[in-house]
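Participant: File target-v7.txt below, compact mmCIF, C-alpha atoms and all ligand atoms:
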# COMPACT_ATOMS: atom_id res chain seq x y z
CA MET A 1 152.60 82.65 73.69
CA LEU A 2 156.21 81.95 72.77
CA PRO A 3 158.29 85.09 72.26
CA THR A 4 159.80 84.10 68.91
CA ILE A 5 160.70 87.69 68.01
CA THR A 6 159.97 91.00 69.71
CA TRP A 7 160.99 94.62 69.38
CA GLU A 8 162.38 96.06 72.62
CA ASN A 9 163.42 99.70 72.64
CA ASP A 10 166.41 99.76 70.28
CA ALA A 11 166.80 96.03 69.68
CA VAL A 12 165.16 93.07 67.98
CA VAL A 13 165.11 90.20 70.45
CA MET A 14 164.85 86.56 69.34
CA ILE A 15 164.84 83.27 71.14
CA ASP A 16 167.96 81.42 69.95
CA GLN A 17 166.55 78.43 68.05
CA ARG A 18 169.98 76.87 67.69
CA LYS A 19 170.13 76.29 71.45
CA LEU A 20 166.64 74.91 72.08
CA PRO A 21 165.54 72.78 73.83
CA SER A 22 168.52 72.53 76.21
CA LYS A 23 168.93 76.30 76.66
CA GLU A 24 166.31 79.03 76.50
CA VAL A 25 168.45 82.05 75.67
CA TYR A 26 167.65 85.26 73.83
CA VAL A 27 169.74 87.09 71.27
CA ARG A 28 169.54 90.91 71.20
CA CYS A 29 170.20 92.28 67.73
CA ARG A 30 171.11 95.97 67.97
CA THR A 31 171.91 96.49 64.29
CA ALA A 32 170.42 95.43 60.97
CA ALA A 33 173.63 93.50 60.24
CA GLU A 34 173.09 91.48 63.43
CA VAL A 35 169.52 90.69 62.37
CA ALA A 36 170.75 89.55 58.94
CA ARG A 37 173.35 87.31 60.59
CA ALA A 38 170.70 85.87 62.91
CA ILE A 39 168.62 84.88 59.89
CA THR A 40 171.55 83.32 58.02
CA THR A 41 172.81 81.39 61.04
CA MET A 42 169.29 80.18 61.99
CA VAL A 43 168.99 81.94 65.35
CA ILE A 44 165.58 82.59 63.81
CA ARG A 45 164.16 80.40 61.04
CA GLY A 46 160.85 79.43 59.48
CA ALA A 47 159.42 81.32 56.50
CA PRO A 48 157.03 83.77 58.21
CA ALA A 49 159.44 84.42 61.12
CA ILE A 50 162.32 85.40 58.85
CA GLY A 51 159.99 87.78 56.98
CA VAL A 52 159.16 89.50 60.27
CA ALA A 53 162.85 89.55 61.25
CA ALA A 54 163.86 91.15 57.92
CA ALA A 55 161.20 93.86 58.27
CA MET A 56 162.28 94.63 61.84
CA GLY A 57 165.94 94.57 60.76
CA ILE A 58 165.26 97.16 58.07
CA ALA A 59 163.34 99.35 60.53
CA LEU A 60 166.20 99.02 63.01
CA GLY A 61 168.75 100.00 60.35
CA ILE A 62 166.76 103.06 59.33
CA ARG A 63 166.28 104.07 62.97
CA ALA A 64 170.08 104.15 63.37
CA SER A 65 170.57 106.14 60.17
CA ARG A 66 172.15 109.60 60.38
CA ALA A 67 170.85 110.54 56.91
CA ALA A 68 169.93 114.21 56.81
CA GLY A 69 167.76 114.02 53.73
CA THR A 70 165.50 111.61 51.87
CA ARG A 71 167.95 110.98 49.04
CA GLN A 72 170.67 109.68 51.35
CA LEU A 73 168.08 107.72 53.33
CA ALA A 74 166.90 106.04 50.11
CA VAL A 75 170.46 104.84 49.37
CA GLU A 76 170.79 103.39 52.88
CA PHE A 77 167.30 101.87 52.71
CA GLN A 78 168.11 100.06 49.45
CA LYS A 79 171.34 98.66 50.97
CA LEU A 80 169.41 97.37 53.98
CA CYS A 81 166.83 95.69 51.74
CA ASP A 82 169.58 94.09 49.65
CA ARG A 83 171.36 92.85 52.78
CA MET A 84 168.17 91.21 54.10
CA ALA A 85 167.32 89.72 50.69
CA ALA A 86 170.75 88.03 50.59
CA THR A 87 170.20 86.05 53.81
CA ARG A 88 168.18 83.04 52.60
CA PRO A 89 166.78 82.45 49.09
CA THR A 90 163.88 80.00 49.36
CA ALA A 91 161.24 81.39 51.73
CA VAL A 92 159.29 83.91 49.69
CA ASN A 93 157.91 85.52 52.88
CA LEU A 94 161.30 87.20 53.24
CA PHE A 95 160.98 88.98 49.87
CA TRP A 96 157.28 89.67 50.47
CA ALA A 97 158.11 91.44 53.76
CA ILE A 98 160.93 93.44 52.14
CA ASP A 99 158.51 94.47 49.36
CA ARG A 100 156.02 95.69 51.96
CA MET A 101 158.72 97.82 53.56
CA LYS A 102 159.68 99.16 50.11
CA ARG A 103 156.07 100.13 49.40
CA VAL A 104 155.80 102.07 52.66
CA PHE A 105 159.10 103.80 51.99
CA ALA A 106 158.00 104.82 48.48
CA GLU A 107 154.62 106.06 49.76
CA GLN A 108 156.28 108.19 52.44
CA VAL A 109 158.81 109.65 50.03
CA GLY A 110 156.00 110.27 47.53
CA THR A 111 154.11 112.41 50.05
CA GLY A 112 157.27 114.37 50.90
CA ALA A 113 157.37 113.04 54.48
CA PRO A 114 160.34 114.13 56.62
CA VAL A 115 163.00 111.55 57.55
CA ASP A 116 161.63 111.06 61.09
CA ASP A 117 158.15 110.26 59.78
CA ILE A 118 159.62 107.73 57.33
CA ARG A 119 161.47 106.02 60.17
CA GLN A 120 158.30 105.78 62.22
CA ALA A 121 156.21 104.52 59.29
CA LEU A 122 158.74 101.72 58.67
CA GLU A 123 158.66 100.70 62.32
CA ARG A 124 154.85 100.64 62.26
CA GLU A 125 154.88 98.47 59.14
CA ALA A 126 157.30 95.97 60.72
CA HIS A 127 154.99 95.68 63.73
CA ARG A 128 151.97 95.27 61.44
CA ILE A 129 153.70 92.41 59.58
CA HIS A 130 154.37 90.76 62.95
CA ASP A 131 150.83 91.17 64.29
CA GLU A 132 149.15 90.17 61.02
CA ASP A 133 151.18 86.97 60.98
CA VAL A 134 149.86 85.92 64.38
CA ALA A 135 146.30 86.68 63.22
CA SER A 136 146.87 84.70 59.99
CA CYS A 137 148.11 81.68 61.93
CA ARG A 138 145.03 81.75 64.16
CA ALA A 139 142.68 81.98 61.17
CA MET A 140 144.58 79.21 59.38
CA GLY A 141 144.33 77.07 62.49
CA ALA A 142 140.55 77.52 62.61
CA PHE A 143 140.16 76.45 58.95
CA GLY A 144 142.66 73.61 59.28
CA ALA A 145 141.06 72.20 62.44
CA SER A 146 138.01 71.28 60.35
CA LEU A 147 140.23 68.79 58.47
CA VAL A 148 141.36 67.03 61.64
CA PRO A 149 139.16 64.20 62.92
CA ASP A 150 138.86 63.40 66.62
CA ASP A 151 141.58 61.06 67.88
CA ALA A 152 143.83 62.02 64.96
CA ARG A 153 147.44 60.90 64.74
CA ILE A 154 149.16 63.68 62.82
CA LEU A 155 152.58 63.44 61.25
CA THR A 156 154.53 66.65 60.68
CA HIS A 157 157.96 67.44 59.28
CA CYS A 158 160.33 70.21 60.39
CA ASN A 159 158.93 72.97 62.60
CA ALA A 160 156.02 75.03 61.32
CA GLY A 161 155.08 76.21 64.78
CA ALA A 162 155.10 79.35 66.90
CA LEU A 163 158.89 79.41 66.56
CA ALA A 164 158.65 79.54 62.75
CA THR A 165 156.12 82.39 62.77
CA ALA A 166 155.35 85.46 64.84
CA GLY A 167 153.30 83.07 67.02
CA TYR A 168 150.91 80.09 67.08
CA GLY A 169 152.27 78.45 63.91
CA THR A 170 150.95 77.23 60.58
CA ALA A 171 150.99 73.40 60.61
CA LEU A 172 151.22 73.42 64.41
CA GLY A 173 148.54 76.12 64.44
CA VAL A 174 146.24 73.55 62.85
CA VAL A 175 147.21 71.03 65.55
CA ARG A 176 146.72 73.62 68.31
CA ALA A 177 143.35 74.76 66.96
CA ALA A 178 142.12 71.15 66.73
CA ALA A 179 143.22 70.54 70.33
CA GLU A 180 141.61 73.81 71.48
CA ALA A 181 138.39 72.70 69.76
CA GLY A 182 138.38 69.69 72.09
CA LYS A 183 139.67 67.09 69.64
CA ARG A 184 142.12 64.49 70.89
CA VAL A 185 145.28 64.75 68.81
CA ALA A 186 148.67 63.06 68.90
CA VAL A 187 151.64 64.26 66.87
CA LEU A 188 154.43 62.27 65.28
CA ALA A 189 157.31 64.71 64.79
CA ASP A 190 159.94 63.77 62.20
CA GLU A 191 163.31 64.66 63.71
CA THR A 192 164.25 66.55 60.49
CA ARG A 193 167.92 66.02 59.74
CA PRO A 194 170.27 67.79 59.73
CA PHE A 195 169.17 70.80 61.84
CA LEU A 196 166.66 68.73 63.86
CA GLN A 197 163.83 71.27 63.82
CA GLY A 198 161.34 68.46 64.52
CA ALA A 199 163.18 66.73 67.36
CA ARG A 200 164.27 69.97 69.06
CA LEU A 201 161.70 72.64 68.23
CA THR A 202 158.39 70.97 67.30
CA ALA A 203 158.66 68.56 70.21
CA TRP A 204 159.61 71.38 72.60
CA GLU A 205 156.64 73.52 71.58
CA LEU A 206 154.10 70.72 71.69
CA VAL A 207 155.26 69.28 75.00
CA ARG A 208 154.98 72.78 76.51
CA ASP A 209 151.39 72.85 75.27
CA GLY A 210 150.63 69.44 76.74
CA ILE A 211 150.03 67.87 73.32
CA ASP A 212 150.83 64.16 72.97
CA THR A 213 154.12 64.11 71.01
CA THR A 214 156.31 61.30 69.71
CA VAL A 215 159.60 62.02 67.94
CA ILE A 216 160.59 59.65 65.15
CA THR A 217 163.61 59.58 62.86
CA ASP A 218 162.95 60.79 59.33
CA ASN A 219 163.34 57.30 57.93
CA MET A 220 160.59 55.89 60.20
CA SER A 221 157.64 57.70 58.65
CA GLY A 222 157.00 55.05 55.96
CA ALA A 223 156.99 52.25 58.50
CA MET A 224 154.64 54.22 60.80
CA MET A 225 152.22 54.80 57.92
CA ARG A 226 152.36 51.16 56.88
CA ALA A 227 151.62 50.13 60.46
CA GLY A 228 148.48 52.30 60.43
CA GLN A 229 149.89 54.75 62.99
CA VAL A 230 149.22 57.92 60.97
CA ASP A 231 145.87 59.48 59.99
CA LEU A 232 147.05 62.60 58.19
CA VAL A 233 150.10 64.71 57.43
CA VAL A 234 150.30 68.48 57.86
CA VAL A 235 153.38 70.55 57.07
CA GLY A 236 154.27 74.19 56.46
CA ALA A 237 155.80 75.72 53.34
CA ASP A 238 158.56 78.12 52.36
CA ARG A 239 157.15 78.93 48.95
CA ILE A 240 154.12 77.73 47.03
CA ALA A 241 154.29 78.21 43.26
CA ALA A 242 151.28 79.28 41.17
CA ASN A 243 150.55 75.66 40.20
CA GLY A 244 150.52 74.46 43.83
CA ASP A 245 154.02 72.93 43.93
CA VAL A 246 155.32 73.33 47.48
CA ALA A 247 158.88 74.01 48.62
CA ASN A 248 159.40 72.98 52.23
CA LYS A 249 162.09 71.45 54.41
CA ILE A 250 164.16 68.72 52.76
CA GLY A 251 162.39 65.40 53.30
CA THR A 252 158.87 66.77 52.82
CA TYR A 253 158.67 65.32 49.30
CA ALA A 254 159.41 61.80 50.56
CA VAL A 255 156.70 62.16 53.22
CA ALA A 256 154.17 63.32 50.60
CA VAL A 257 154.91 60.38 48.30
CA LEU A 258 154.59 57.97 51.23
CA ALA A 259 151.28 59.58 52.26
CA ARG A 260 149.92 59.05 48.75
CA GLU A 261 151.06 55.41 48.74
CA HIS A 262 149.20 54.84 52.02
CA GLY A 263 146.07 56.77 51.05
CA LEU A 264 146.63 59.49 53.67
CA PRO A 265 145.75 63.16 53.24
CA PHE A 266 148.76 65.45 52.87
CA TYR A 267 147.91 69.02 53.93
CA VAL A 268 150.02 72.15 53.66
CA ALA A 269 149.28 75.11 55.97
CA ALA A 270 150.70 78.44 54.88
CA PRO A 271 149.75 82.11 54.87
CA LEU A 272 149.10 84.02 51.66
CA SER A 273 152.56 85.57 52.08
CA THR A 274 153.99 82.12 51.19
CA ILE A 275 152.08 81.91 47.90
CA ASP A 276 154.18 83.15 45.00
CA LEU A 277 152.04 83.52 41.89
CA ALA A 278 155.03 85.00 40.04
CA THR A 279 156.76 81.60 40.21
CA PRO A 280 154.96 79.27 37.80
CA ASP A 281 156.06 75.93 39.27
CA GLY A 282 158.43 74.22 41.68
CA ASP A 283 161.26 73.96 39.16
CA HIS A 284 161.57 77.75 39.35
CA ILE A 285 161.90 77.91 43.14
CA PRO A 286 165.50 78.62 44.27
CA ILE A 287 166.64 75.95 46.72
CA GLU A 288 169.14 76.98 49.36
CA GLU A 289 172.23 74.80 49.72
CA ARG A 290 173.62 75.15 53.23
CA LYS A 291 177.09 74.49 54.64
CA ALA A 292 178.32 70.88 54.69
CA ARG A 293 179.22 71.21 58.35
CA GLU A 294 175.53 71.04 59.37
CA LEU A 295 175.60 67.49 58.07
CA THR A 296 179.13 66.34 58.73
CA HIS A 297 179.12 67.30 62.43
CA VAL A 298 176.77 66.80 65.37
CA ALA A 299 177.46 68.88 68.49
CA GLY A 300 180.98 69.57 67.23
CA GLN A 301 181.73 65.86 66.64
CA ARG A 302 182.61 64.76 63.10
CA LEU A 303 180.30 62.05 61.74
CA THR A 304 181.54 61.63 58.18
CA PRO A 305 185.07 60.83 57.01
CA GLU A 306 187.25 63.62 55.61
CA GLY A 307 187.17 63.43 51.82
CA ALA A 308 183.53 62.34 51.48
CA GLN A 309 181.51 64.86 49.54
CA VAL A 310 178.33 66.19 51.06
CA ARG A 311 175.11 67.67 49.70
CA ASN A 312 172.97 69.82 51.97
CA PRO A 313 169.96 71.29 50.14
CA ALA A 314 167.75 72.80 52.85
CA PHE A 315 164.48 72.34 50.95
CA ASP A 316 162.77 70.15 48.38
CA VAL A 317 159.74 70.54 46.15
CA THR A 318 156.58 68.48 46.51
CA PRO A 319 154.68 68.43 43.21
CA HIS A 320 151.11 69.67 43.57
CA ARG A 321 149.62 66.30 42.65
CA TYR A 322 150.58 65.00 46.11
CA VAL A 323 148.97 67.92 47.96
CA THR A 324 145.43 67.18 49.17
CA ALA A 325 144.69 70.77 50.22
CA ILE A 326 146.41 74.04 51.12
CA VAL A 327 145.13 75.77 54.25
CA THR A 328 145.45 79.56 54.31
CA GLU A 329 144.09 82.31 56.55
CA ARG A 330 141.35 82.97 53.97
CA GLY A 331 140.19 79.40 53.51
CA ILE A 332 141.16 76.02 52.14
CA CYS A 333 142.41 75.65 48.55
CA ARG A 334 141.86 72.40 46.67
CA PRO A 335 143.06 71.30 43.22
CA PRO A 336 143.24 72.63 40.58
CA TYR A 337 145.58 74.98 42.43
CA THR A 338 146.24 77.32 39.54
CA GLU A 339 142.60 78.37 39.94
CA SER A 340 142.10 78.10 43.70
CA LEU A 341 145.38 79.81 44.65
CA GLY A 342 144.83 82.57 42.11
CA ALA A 343 141.32 83.18 43.44
CA ILE A 344 142.30 83.18 47.11
CA VAL A 345 145.19 85.58 46.60
CA LYS A 346 142.88 87.97 44.74
CA GLY A 347 140.49 87.86 47.70
CA GLY A 348 138.18 85.11 46.53
CA TRP A 349 137.27 82.00 48.40
CA GLY A 350 139.37 78.87 47.95
CA ARG A 351 137.06 76.29 49.41
O1 LIG B 1 165.36 75.94 57.33
P1 LIG B 1 164.14 76.35 58.11
O2 LIG B 1 164.12 75.81 59.49
O3 LIG B 1 163.92 77.84 58.05
O4 LIG B 1 162.93 75.66 57.33
C1 LIG B 1 161.64 75.86 57.83
C2 LIG B 1 160.61 75.07 57.11
O5 LIG B 1 160.88 74.37 56.17
C3 LIG B 1 159.20 75.28 57.55
O6 LIG B 1 158.45 74.12 57.37
C4 LIG B 1 158.57 76.42 56.74
O7 LIG B 1 159.38 77.55 56.79
C5 LIG B 1 157.22 76.77 57.21
S1 LIG B 1 157.26 77.59 58.76
C6 LIG B 1 155.71 78.07 59.20
Please, can you express the file's structure as structure tokens?
Facilitator:
Amino acid sequence: MLPTITWENDAVVMIDQRKLPSKEVYVRCRTAAEVARAITTMVIRGAPAIGVAAAMGIALGIRASRAAGTRQLAVEFQKLCDRMAATRPTAVNLFWAIDRMKRVFAEQVGTGAPVDDIRQALEREAHRIHDEDVASCRAMGAFGASLVPDDARILTHCNAGALATAGYGTALGVVRAAAEAGKRVAVLADETRPFLQGARLTAWELVRDGIDTTVITDNMSGAMMRAGQVDLVVVGADRIAANGDVANKIGTYAVAVLAREHGLPFYVAAPLSTIDLATPDGDHIPIEERKARELTHVAGQRLTPEGAQVRNPAFDVTPHRYVTAIVTERGICRPPYTESLGAIVKGGWGR
């Protein structure tokens, strides 16, 4: 399995996703500040993966702490949580992971645990978040594979693969599970301007797995659907609101509208940690606006003229009416999502 993120002695090690596929290099983060920078600069990206990174970053920061007592440790802990929370605003998995770390911290302090025990408990929780994410992806894949017919041509946008999670992937987990179940699958990977997660990362992962992969530009998907070259769409998500509206990589909305126009199912695969019942609908999801340079330059070369303004929202919202089903590790949610998502989060069955 791809080593997206691991904990090695005193460092959090990540494959540098900015360099793939031409270079397979690893970044060793020795401090929490380095982990936070790695999230902001997209060394690591993808909603579940940045949640894992934030949890490990907090554990790393607390491990380095010289705090003698719990009160001082609590001040440092809060600063670490705030630093991680300021990295990227859209993926709710980040805040979910920070909340899990906060709960463990509060429990430990509540039982009067000594500083060393608190440190160890936080490290254990970060590892649990990592391992549970891999298990969730596998379970999601098994449910999602049931939606994939044999000989399916699957269109995906961005990278919701092993690189975007602790391993295996959400949308690509569905593809992998279908392939492992013996179904013939072929993937059309949108290149995903401007960071090219599809062209660089999705294609790299799938080719390594021997899965039939074709990269297309983002503006080809409509023509491919019209030509009958697509059977279904599956994408990941950064945040799913209580009503089923889905925030995902910019361009997802256009794909969903095109899928509806062509009568194709549009599936979203995401763990429960991506479902945010506290956010009523997509209009309330904060959308990250990234630096113009990601768009104005390619490999250091300027593309756009000086003086032209640029917009670079990293995500868009797909209204729930375009979403055929949401695949989670507990089952498949169908409309009406206010009911099915609520039930699945509470432990019920979404099918
Ligand atoms: O900006 P990114 O690369 O972090 O955006 C990632 C996506 O939009 C993914 O589709 C989403 O996080 C789901 S990853 C399993």
Participant: Determine the nearest neighbour of Leu196 of chain A from the options A:Gln17, A:Thr4, A:Ser221, A:Thr40, counting all atoms listed in the file.
Facilitator: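 Checking each candidate against Leu196 of chain A, we get A:Gln17 as the closest.
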Participant: Within 6 Å of segment 163-167 of chain A, counting all atoms listed in the file, which residues show up once you throw out same-chain ones fewer than 6 positions away? Write them as a list of chain:residue names, please.
Facilitator: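 Listed by chain and then number, they are A:Thr4, A:Arg45, A:Gly46, A:Pro48, A:Ala49, A:His130, A:Asp133, A:Val134.
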Participant: Convert the current residue selection to file output with C-alpha atoms, as a short mmCIF file (atom, residue, chain, number, x, y, z; two decimals), keeping the file's coordinate frame.
Facilitator:
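Result saved to part.cif:
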data_model
loop_
_atom_site.label_atom_id
_atom_site.label_comp_id
_atom_site.auth_asym_id
_atom_site.auth_seq_id
_atom_site.Cartn_x
_atom_site.Cartn_y
_atom_site.Cartn_z
CA THR A 4 159.80 84.10 68.91
CA ARG A 45 164.16 80.40 61.04
CA GLY A 46 160.85 79.43 59.48
CA PRO A 48 157.03 83.77 58.21
CA ALA A 49 159.44 84.42 61.12
CA HIS A 130 154.37 90.76 62.95
CA ASP A 133 151.18 86.97 60.98
CA VAL A 134 149.86 85.92 64.38
#
Participant: Residues within 8 Å of ligand LIG 1 (chain B), counting all atoms listed in the file: report them as a ChimeraX atom specification.
Facilitator: /A:42,44-50,91,157-162,164-165,169-171,195,197,235-238,247-250,269-270,314-315
Participant: Need the shell around Val234 of chain A: protein/DNA/RNA residues with any atom at most 9 Å away, counting all atoms listed in the file. Skip same-chain ones fewer than 6 positions apart. Format as a list in words?
Facilitator: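 Returned residues: Ile154, Leu155, Thr156, His157, Ala171, Leu172, Val174, Val175, Pro265, Phe266, Tyr267, Val268 and Ala269 of chain A.
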Participant: Atom CA of Val115 of chain A and atom CA of Glu34 of chain A, how far apart in Å?
Facilitator: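 Interatomic distance, atom CA of Glu34 of chain A to atom CA of Val115 of chain A: 23.2 Å.
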Participant: Can you work out the spacing between atom CA of Val148 of chain A and atom CA of Pro336 of chain A in Å, to one decimal?
Facilitator: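 Separation of atom CA of Val148 of chain A and atom CA of Pro336 of chain A: 21.9 Å.
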Participant: Please determine, counting all atoms listed in the file, which residue among A:Met220, A:Cys29, A:Ala59, A:Val345 has the shortest atom-to-atom distance to Ala254 of chain A.
Facilitator: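 Checking each of A:Met220, A:Cys29, A:Ala59, A:Val345 against Ala254 of chain A, counting all atoms listed in the file, the winner is A:Met220.
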Participant: So which one's closest to Glu205 of chain A, A:Val187, A:Trp96, A:Gln108, A:Ala325? Using only C-alpha atoms, please.
Facilitator: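 For Glu205 of chain A, the nearest of the candidates is A:Val187.
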Participant: Write out as a list in words each polymer residue whose atoms come within 8 Å of segment 64-80 of chain A, counting all atoms listed in the file; drop sequence neighbours fewer than 4 positions from it.
Facilitator: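 So, after excluding close chain neighbours, the residues are Thr31, Ala32, Ile58, Leu60, Met84, Val109, Pro114 and Val115 of chain A.
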Participant: Fewer than 5 positions away in the same chain doesn't count, so skip those; otherwise give me all residues within 10 Å of Ala106 of chain A, counting all atoms listed in the file, as a ChimeraX atom specification.
Facilitator: /A:74,100-101,111-112,118
Participant: How many Å lie between atom CA of Thr296 of chain A and atom CA of Asn93 of chain A, rounded to one decimal?
Facilitator: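 Rounded to one decimal, the two atoms are 29.2 Å apart.
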